[in-house]
$ cat model-v1.txt   # compact mmCIF, C-alpha atoms
# COMPACT_ATOMS: atom_id res chain seq x y z
CA MET F 8 30.46 9.76 46.99
CA ARG F 9 27.33 8.98 48.97
CA ALA F 10 27.38 12.43 50.56
CA PHE F 11 27.73 14.06 47.13
CA ALA F 12 24.75 12.08 45.79
CA ASP F 13 22.60 13.07 48.78
CA ARG F 14 23.56 16.73 48.34
CA ALA F 15 22.71 16.58 44.61
CA MET F 16 19.30 15.07 45.41
CA ARG F 17 18.60 17.87 47.92
CA VAL F 18 19.42 20.46 45.26
CA LEU F 19 17.15 18.73 42.77
CA ARG F 20 14.30 18.66 45.31
CA GLN F 21 14.72 22.40 45.90
CA LEU F 22 14.69 23.05 42.16
CA ARG F 23 11.65 20.85 41.76
CA GLY F 24 9.51 22.93 44.09
CA ALA F 25 6.29 21.71 45.70
CA ASP F 26 6.14 17.99 46.40
CA THR F 27 2.91 17.32 44.45
CA PRO F 28 2.58 14.97 41.44
CA ASP F 29 1.93 17.78 38.95
CA ALA F 30 4.81 19.88 40.28
CA VAL F 31 7.15 16.88 40.26
CA PHE F 32 6.30 15.99 36.66
CA GLU F 33 6.51 19.60 35.48
CA ALA F 34 9.86 20.19 37.16
CA THR F 35 11.20 16.86 35.93
CA ALA F 36 10.10 17.74 32.40
CA LEU F 37 12.03 21.00 32.69
CA LEU F 38 15.12 19.10 33.82
CA VAL F 39 14.71 16.66 30.91
CA GLY F 40 14.37 19.59 28.52
CA ALA F 41 17.46 21.21 29.99
CA ALA F 42 19.42 17.97 29.55
CA PHE F 43 18.43 17.72 25.89
CA LEU F 44 19.32 21.41 25.49
CA VAL F 45 22.88 20.68 26.59
CA ILE F 46 23.06 17.49 24.51
CA GLY F 47 21.74 19.23 21.40
CA PHE F 48 24.25 22.06 21.67
CA GLY F 49 27.10 19.66 22.45
CA ILE F 50 26.32 17.58 19.37
CA GLY F 51 25.38 20.40 17.01
CA LEU F 52 28.37 22.71 17.52
CA PRO F 53 31.16 20.26 16.53
CA VAL F 54 29.06 18.84 13.67
CA PHE F 55 28.31 22.29 12.22
CA TRP F 56 31.71 23.90 12.98
CA GLY F 57 33.21 25.56 9.92
CA ARG F 58 30.13 25.03 7.79
CA GLU F 59 27.27 27.09 6.41
CA LEU F 60 24.00 25.18 6.45
CA ALA F 61 20.86 25.49 4.41
CA ILE F 62 17.62 25.72 6.37
CA SER F 63 16.00 22.78 4.58
CA GLY F 64 16.90 20.15 2.02
CA SER F 65 19.48 17.39 1.97
CA GLY F 66 22.17 17.84 4.64
CA SER F 67 20.42 20.90 6.05
CA LEU F 68 19.78 22.14 9.55
CA GLY F 69 16.12 21.15 9.21
CA VAL F 70 16.95 17.53 8.40
CA PHE F 71 19.40 17.34 11.32
CA VAL F 72 16.80 18.76 13.71
CA ALA F 73 14.10 16.43 12.36
CA PHE F 74 16.13 13.23 12.81
CA GLY F 75 17.48 14.37 16.17
CA GLY F 76 14.00 15.45 17.26
CA ALA F 77 12.62 12.01 16.45
CA VAL F 78 15.34 10.32 18.53
CA THR F 79 14.77 12.86 21.32
CA ALA F 80 11.04 12.10 21.27
CA VAL F 81 11.64 8.37 21.70
CA LEU F 82 14.14 8.88 24.53
CA ALA F 83 11.89 11.39 26.31
CA PHE F 84 8.91 9.06 25.95
CA VAL F 85 10.87 6.16 27.46
CA LEU F 86 12.02 8.38 30.34
CA GLY F 87 8.46 9.51 30.96
CA ARG F 88 7.15 5.97 31.10
CA LEU F 89 9.95 4.93 33.46
CA VAL F 90 9.06 7.81 35.80
CA VAL F 91 5.42 6.73 36.13
CA ARG F 92 6.20 3.03 36.30
CA PRO F 93 5.35 1.76 39.79
CA GLU F 94 8.07 -0.05 41.69
CA LYS F 95 5.63 -2.74 42.81
CA PRO F 96 2.70 -2.94 40.34
CA SER F 97 -0.59 -3.71 42.05
CA PRO F 98 -3.45 -5.45 40.23
CA ASP F 99 -5.90 -3.18 42.08
CA ALA F 100 -4.24 0.07 41.05
CA VAL F 101 -5.63 2.41 38.41
CA ARG F 102 -2.93 3.25 35.86
CA ASP F 103 -2.50 5.19 32.62
CA GLY F 104 -5.83 6.97 32.84
CA PHE F 105 -7.89 3.77 32.80
CA SER F 106 -11.04 3.63 34.87
CA VAL F 107 -10.76 -0.08 35.59
CA PRO F 108 -8.15 -1.21 38.16
CA GLY F 109 -5.52 -3.53 36.73
CA ASP F 110 -5.93 -2.38 33.14
CA ARG F 111 -2.93 -0.71 31.55
CA LEU F 112 -1.19 0.04 28.28
CA ARG F 113 0.47 -2.98 26.67
CA TRP F 114 3.98 -3.01 25.20
CA TYR F 115 2.71 -2.82 21.62
CA ASP F 116 0.52 0.17 22.58
CA LEU F 117 3.55 1.97 23.98
CA ILE F 118 5.67 1.19 20.90
CA ALA F 119 2.97 2.59 18.61
CA ILE F 120 2.50 5.71 20.76
CA ALA F 121 6.27 6.29 20.96
CA PHE F 122 6.52 5.95 17.18
CA ALA F 123 3.66 8.42 16.77
CA HIS F 124 5.48 10.97 18.94
CA ALA F 125 8.69 10.45 16.95
CA ALA F 126 6.85 10.83 13.65
CA ILE F 127 5.13 14.00 14.83
CA ALA F 128 8.49 15.46 15.91
CA TYR F 129 10.20 14.49 12.65
CA LEU F 130 7.46 15.70 10.32
CA GLY F 131 6.76 18.78 12.41
CA TRP F 132 10.37 20.00 12.33
CA ILE F 133 10.66 19.18 8.61
CA GLY F 134 7.55 21.28 7.97
CA ILE F 135 8.83 24.19 10.07
CA ALA F 136 12.16 24.07 8.21
CA GLU F 137 10.39 24.15 4.84
CA LEU F 138 8.33 27.14 5.95
CA LEU F 139 11.42 29.00 7.19
CA GLU F 140 13.28 28.19 3.98
CA ARG F 141 10.54 29.84 1.96
CA SER F 142 10.49 32.81 4.33
CA PHE F 143 14.30 33.27 4.29
CA THR F 144 15.17 32.30 0.73
CA ASP F 145 18.83 31.20 0.31
CA ALA F 146 19.72 32.39 3.84
CA PRO F 147 22.69 30.46 5.35
CA VAL F 148 22.87 29.29 8.95
CA PHE F 149 26.25 29.47 10.69
CA ALA F 150 27.62 26.96 13.17
CA PHE F 151 26.93 28.66 16.50
CA PRO F 152 23.33 29.82 15.86
CA GLY F 153 22.67 26.47 14.19
CA ALA F 154 23.79 24.64 17.33
CA VAL F 155 21.61 26.92 19.46
CA LEU F 156 18.59 26.18 17.25
CA VAL F 157 19.25 22.46 17.49
CA ALA F 158 19.52 22.69 21.28
CA VAL F 159 16.24 24.60 21.57
CA ALA F 160 14.45 22.18 19.25
CA PHE F 161 15.68 19.14 21.20
CA ALA F 162 14.77 20.78 24.52
CA LEU F 163 11.25 21.66 23.37
CA THR F 164 10.69 18.19 21.92
CA GLY F 165 11.93 16.45 25.06
CA TYR F 166 9.85 18.68 27.34
CA VAL F 167 6.59 18.20 25.45
CA VAL F 168 6.99 14.47 24.83
CA PHE F 169 7.99 13.77 28.45
CA LEU F 170 4.85 15.50 29.74
CA SER F 171 2.77 13.57 27.22
CA ALA F 172 4.32 10.26 28.31
CA VAL F 173 3.70 10.76 32.04
CA ALA F 174 0.09 11.82 31.49
CA LEU F 175 -1.28 9.43 28.88
CA THR F 176 -4.92 10.13 29.63
CA PRO F 177 -7.56 9.23 27.04
CA MET F 178 -7.78 12.83 25.84
CA VAL F 179 -3.99 13.14 25.44
CA LEU F 180 -3.92 9.90 23.48
CA SER F 181 -6.77 11.01 21.22
CA LEU F 182 -4.99 14.29 20.51
CA VAL F 183 -1.77 12.43 19.71
CA LEU F 184 -3.75 10.24 17.29
CA ALA F 185 -5.35 13.27 15.63
CA VAL F 186 -2.04 15.15 15.23
CA PHE F 187 -0.27 12.00 14.02
CA LEU F 188 -2.90 11.37 11.35
CA VAL F 189 -2.83 14.97 10.16
CA VAL F 190 0.97 15.26 9.88
CA GLY F 191 1.25 11.75 8.40
CA ALA F 192 -1.38 12.46 5.75
CA PHE F 193 0.09 15.83 4.77
CA ALA F 194 3.61 14.40 4.67
CA SER F 195 2.40 11.63 2.36
CA MET F 196 0.70 14.15 0.09
CA LEU F 197 3.79 16.38 -0.08
CA ALA F 198 6.09 13.40 -0.72
CA SER F 199 3.89 11.90 -3.44
CA SER F 200 5.74 11.26 -6.71
CA ASP F 201 2.45 11.65 -8.57
CA PRO F 202 1.20 15.26 -8.27
CA HIS F 203 -2.22 14.16 -9.57
CA TRP F 204 -2.74 11.29 -7.14
CA TRP F 205 -6.00 12.89 -6.01
CA ARG F 206 -7.61 12.10 -9.35
CA ASP F 207 -7.70 8.41 -8.40
CA ASN F 208 -8.38 7.95 -4.68
CA LEU F 209 -6.80 8.45 -1.28
CA SER F 210 -5.29 4.96 -1.39
CA ALA F 211 -3.18 6.02 -4.37
CA LEU F 212 -0.78 7.53 -1.81
CA GLY F 213 -0.05 4.02 -0.59
CA MET F 214 0.69 2.44 -3.97
CA SER F 215 4.12 0.85 -4.28
CA THR F 216 4.83 3.03 -7.33
CA ASN F 217 4.30 6.20 -5.29
CA GLY F 218 7.16 7.82 -3.39
CA SER F 219 4.88 8.43 -0.40
CA SER F 220 3.82 4.79 0.00
CA ILE F 221 5.95 3.98 3.06
CA ALA F 222 4.93 7.11 4.98
CA PHE F 223 1.25 6.64 4.13
CA ASN F 224 1.04 2.92 4.89
CA VAL F 225 3.05 3.13 8.13
CA THR F 226 0.82 6.00 9.27
CA LEU F 227 -2.27 3.84 8.76
CA VAL F 228 -0.78 0.82 10.55
CA ILE F 229 0.31 2.83 13.61
CA ALA F 230 -2.99 4.71 13.67
CA GLY F 231 -4.85 1.38 13.60
CA ILE F 232 -2.93 0.14 16.64
CA MET F 233 -3.70 3.40 18.44
CA VAL F 234 -7.42 3.09 17.63
CA THR F 235 -7.49 -0.35 19.29
CA THR F 236 -5.86 1.24 22.34
CA ILE F 237 -8.44 4.04 22.35
CA ALA F 238 -11.18 1.40 22.16
CA ARG F 239 -10.02 -0.05 25.48
CA TYR F 240 -9.65 3.42 27.00
CA ALA F 241 -13.09 4.57 25.90
CA THR F 242 -15.03 1.53 27.08
CA ALA F 243 -13.07 0.33 30.13
CA GLY F 244 -15.09 2.26 32.70
CA LEU F 245 -18.52 2.50 31.06
CA PRO F 246 -21.31 1.52 33.49
CA ALA F 247 -22.28 -2.16 33.11
CA THR F 248 -24.60 -3.16 35.93
CA ASP F 249 -26.28 -6.10 34.18
CA PRO F 250 -25.41 -8.69 31.50
CA LEU F 251 -27.20 -6.69 28.79
CA ASP F 252 -25.07 -3.60 29.51
CA ARG F 253 -21.90 -5.68 29.58
CA ARG F 254 -22.78 -7.24 26.23
CA GLY F 255 -23.43 -3.81 24.72
CA ARG F 256 -20.12 -2.51 26.01
CA PHE F 257 -18.37 -5.59 24.62
CA ILE F 258 -19.95 -5.08 21.18
CA VAL F 259 -18.98 -1.40 21.05
CA ARG F 260 -15.42 -2.19 22.13
CA GLY F 261 -15.23 -5.00 19.59
CA GLY F 262 -16.52 -2.70 16.86
CA LEU F 263 -13.91 -0.03 17.63
CA ILE F 264 -11.13 -2.63 17.78
CA LEU F 265 -12.32 -4.06 14.45
CA MET F 266 -12.18 -0.56 12.95
CA GLY F 267 -8.59 -0.24 14.15
CA ILE F 268 -7.67 -3.63 12.67
CA PHE F 269 -9.28 -2.73 9.35
CA LEU F 270 -7.45 0.62 9.32
CA ALA F 271 -4.12 -1.12 9.88
CA CYS F 272 -4.95 -3.62 7.13
CA VAL F 273 -5.59 -0.74 4.71
CA GLY F 274 -1.92 0.14 5.16
CA ILE F 275 -0.68 -3.45 5.18
CA PHE F 276 -2.41 -4.31 1.88
CA PRO F 277 -1.75 -1.56 -0.73
CA VAL F 278 -4.49 -1.14 -3.31
CA ASP F 279 -2.24 -1.83 -6.32
CA GLU F 280 -1.06 -5.18 -4.96
CA PHE F 281 -4.08 -6.41 -2.97
CA PHE F 282 -7.02 -4.72 -4.67
CA VAL F 283 -9.81 -6.97 -3.33
CA VAL F 284 -8.46 -7.22 0.23
CA HIS F 285 -7.72 -3.48 0.40
CA ASN F 286 -11.18 -2.45 -0.73
CA THR F 287 -12.82 -5.05 1.51
CA VAL F 288 -11.15 -3.82 4.70
CA ALA F 289 -11.65 -0.15 3.74
CA THR F 290 -15.36 -0.71 3.12
CA GLY F 291 -15.61 -2.89 6.21
CA MET F 292 -14.28 -0.08 8.39
CA ALA F 293 -17.04 2.26 7.16
CA VAL F 294 -19.70 -0.44 7.63
CA VAL F 295 -18.58 -1.24 11.19
CA PHE F 296 -18.57 2.47 12.01
CA ALA F 297 -22.17 2.81 10.75
CA VAL F 298 -23.32 -0.25 12.70
CA VAL F 299 -21.75 0.97 15.96
CA VAL F 300 -23.13 4.50 15.56
CA ILE F 301 -26.66 3.41 14.66
CA GLY F 302 -26.84 0.81 17.43
CA LEU F 303 -25.26 3.01 20.09
CA PRO F 304 -28.49 3.98 21.97
CA TRP F 305 -29.36 0.29 22.44
CA LEU F 306 -25.82 -0.92 23.10
CA LEU F 307 -24.92 1.90 25.54
CA PRO F 308 -28.12 3.37 27.03
CA THR F 309 -26.12 5.76 29.25
CA ILE F 310 -24.64 7.62 26.26
CA PRO F 311 -26.23 11.11 25.92
CA ARG F 312 -28.85 11.32 23.19
CA VAL F 313 -27.23 14.44 21.76
CA PHE F 314 -24.10 12.41 20.99
CA VAL F 315 -26.24 9.69 19.39
CA ALA F 316 -27.84 12.32 17.12
CA PHE F 317 -24.36 13.67 16.41
CA GLY F 318 -23.23 10.22 15.21
CA TRP F 319 -26.35 9.61 13.12
CA ALA F 320 -25.76 12.95 11.38
CA TYR F 321 -22.23 11.80 10.53
CA VAL F 322 -23.56 8.57 9.01
CA LEU F 323 -26.11 10.50 6.93
CA VAL F 324 -23.38 12.82 5.65
CA ILE F 325 -21.24 9.84 4.60
CA ILE F 326 -24.23 8.29 2.79
CA LEU F 327 -24.87 11.62 1.05
CA LEU F 328 -21.22 11.79 -0.02
CA ALA F 329 -21.46 8.27 -1.42
CA ALA F 330 -24.53 9.33 -3.42
CA PHE F 331 -22.64 12.35 -4.78
CA PHE F 332 -19.84 10.02 -5.86
CA ALA F 333 -22.29 7.64 -7.52
CA VAL F 334 -23.70 10.43 -9.71
CA GLY F 335 -20.24 11.81 -10.49
CA TYR F 336 -20.54 15.04 -8.51
CA TYR F 337 -17.60 14.18 -6.18
CA ASN F 338 -14.56 12.07 -6.94
CA LEU F 339 -13.57 9.20 -4.66
CA THR F 340 -10.72 11.11 -3.01
CA ALA F 341 -13.06 13.83 -1.72
CA VAL F 342 -15.47 11.23 -0.34
CA GLU F 343 -12.68 9.27 1.39
CA LEU F 344 -11.08 12.37 2.91
CA ILE F 345 -14.31 13.75 4.34
CA ALA F 346 -15.42 10.32 5.57
CA ALA F 347 -12.05 9.77 7.29
CA VAL F 348 -12.27 13.16 9.02
CA LEU F 349 -15.82 12.39 10.20
CA ILE F 350 -14.97 8.91 11.50
CA PHE F 351 -11.88 9.94 13.44
CA SER F 352 -13.48 13.06 14.85
CA TRP F 353 -16.38 10.88 16.05
CA ILE F 354 -13.92 8.49 17.75
CA ILE F 355 -12.23 11.39 19.55
CA VAL F 356 -15.54 12.92 20.68
CA PHE F 357 -16.79 9.46 21.74
CA LEU F 358 -13.71 9.08 23.91
CA ARG F 359 -14.48 12.35 25.68
CA THR F 360 -18.20 11.57 25.98
CA ALA F 361 -17.55 8.11 27.40
CA GLY F 362 -15.21 9.68 29.96
CA SER F 363 -17.93 12.07 31.09
CA VAL F 364 -20.39 9.17 31.42
CA VAL F 365 -17.90 7.30 33.60
CA THR F 366 -17.34 10.36 35.78
CA GLY F 367 -21.03 11.01 36.23
CA SER F 368 -22.18 7.42 36.64
CA PRO F 369 -23.63 6.20 39.96
CA SER F 370 -20.89 3.63 40.32
CA ALA F 371 -18.20 6.26 39.94
CA SER F 372 -19.94 8.50 42.44
CA ALA F 373 -20.17 5.65 44.90
CA VAL F 374 -16.48 4.89 44.54
CA ALA F 375 -15.61 8.56 45.06
CA ALA F 376 -17.86 8.79 48.12
CA THR F 377 -16.27 5.67 49.61
CA ALA F 378 -12.80 7.11 49.03
CA ASP F 379 -13.75 10.38 50.69
CA ALA F 380 -15.20 8.53 53.67
CA ASP F 381 -12.04 6.47 54.05
CA ALA F 382 -9.90 9.60 53.86
CA THR F 383 -11.80 11.29 56.72
CA GLN F 384 -11.48 8.34 59.03

$ encode --input "model-v1.txt" --output "structure tokens"
Amino acid sequence: MRAFADRAMRVLRQLRGADTPDAVFEATALLVGAAFLVIGFGIGLPVFWGRELAISGSGSLGVFVAFGGAVTAVLAFVLGRLVVRPEKPSPDAVRDGFSVPGDRLRWYDLIAIAFAHAAIAYLGWIGIAELLERSFTDAPVFAFPGAVLVAVAFALTGYVVFLSAVALTPMVLSLVLAVFLVVGAFASMLASSDPHWWRDNLSALGMSTNGSSIAFNVTLVIAGIMVTTIARYATAGLPATDPLDRRGRFIVRGGLILMGIFLACVGIFPVDEFFVVHNTVATGMAVVFAVVVIGLPWLLPTIPRVFVAFGWAYVLVIILLAAFFAVGYYNLTAVELIAAVLIFSWIIVFLRTAGSVVTGSPSASAVAATADADATQ
């Protein structure tokens, strides 16, 4: 048995290719995808045998792929995190894309990120099925091709999610947040039981009387948790050589975390049940965003001035939209949608800008030079 296990490991190493981290992760992702390919076909064929399936709708191939894809995403994410988990964690090690040794993703961060991947897989496959249904009207799907489609969908989901899990850099996390918000918002709009919800406001999607309330509110709660995670990512390695810089970094991080908490509270407190609390946290998120953006050149002097101007322009646009709403030119839904797009795009760009500041800072250069010197000795 031992000899067989050693032989199997040698074969896997040959299949894996070059013994570098990127090659290992890529080859392992392919193996994970292949495993889910076999599992998907093995499950799909007996389930579909003797049946003709619709592409979308209740009991359809699309629904099966969506639920299975969500489960696959969670399993692949867990496998990816287990692969990068160190056997003996060191407090001085840099992990999960953080710039500060010892910092890492917490359990609640990982649960939120795993849920986001599962939601993206579920909603993405549901959307693809709806599109195919409209392209191939009333076309049936037979058992064997249906099982093949399920296998391919599971394999693709497992491959992509595994690679995302093993490389949770700040940019990957920000992209996951952006995609999650987009698919969650569109899913809520499509599932709304009130086709004229937009006449009220964006929060109407989260009302308890609306069929989309669960999807909308859960999306906001998970997105809020992810924003707090991004806040730690974005500010962990910013240069802080004196107490004033450290205080500025602390204020910016606190502001971003507060925005994430307020965003989660918008989902926790629906507008039809907690009108005052809902509007307070929603307005508070916009106010905190404006304060952070306006005070950024004093709080973080190393941030490029072009990004500061970029943020100030966003704040001016939001103020202009509020003025248009006050005079009746725009309705509240349009203002909320545009403001949400501006705020979250600013957070994503801030994450990238902060990463470039860390890379180009004197402290980072000194650390890199020290590492190079140690490597040559």

$ residues_around --input "model-v1.txt" --residues "range 205-208 of chain F" --least-positions-apart "3" --cutoff "6 Å" --atoms "only C-alpha atoms" --output "PyMOL selection string"
chain F and resi 211+339-340

$ closest_residue --input "model-v1.txt" --among "F:Ala194, F:Val157, F:Leu358, F:Val225" --to "Phe122 in chain F" --atoms "all atoms listed in the file"
F:Val225

$ closest_residue --input "model-v1.txt" --among "F:Trp56, F:Phe296, F:Phe84, F:Phe187" --to "Tyr166 in chain F" --atoms "only C-alpha atoms"
F:Phe84

$ closest_residue --input "model-v1.txt" --among "F:Ala41, F:Leu323, F:Val186, F:Leu197" --to "Ser352 in chain F" --atoms "all atoms listed in the file"
F:Val186

$ closest_residue --input "model-v1.txt" --among "F:Thr360, F:Ser63, F:Asn286, F:Asn217" --to "Ala241 in chain F" --atoms "all atoms listed in the file"
F:Thr360

$ atom_distance --input "model-v1.txt" --atom1 "CA of Ala271 in chain F" --atom2 "CA of Ala125 in chain F"
18.7 Å

$ atom_distance --input "model-v1.txt" --atom1 "CA of Gly76 in chain F" --atom2 "CA of Glu59 in chain F"
20.7 Å

$ residues_around --input "model-v1.txt" --residues "Met178 in chain F" --least-positions-apart "6" --cutoff "10 Å" --atoms "all atoms listed in the file" --output "CSV table (one decimal) with C-alpha atoms, keeping the file's coordinate frame"
chain,number,residue,atom,x,y,z
F,104,GLY,CA,-5.8,7.0,32.8
F,184,LEU,CA,-3.8,10.2,17.3
F,237,ILE,CA,-8.4,4.0,22.4
F,240,TYR,CA,-9.6,3.4,27.0
F,241,ALA,CA,-13.1,4.6,25.9
F,355,ILE,CA,-12.2,11.4,19.6
F,356,VAL,CA,-15.5,12.9,20.7
F,358,LEU,CA,-13.7,9.1,23.9
F,359,ARG,CA,-14.5,12.4,25.7
F,362,GLY,CA,-15.2,9.7,30.0
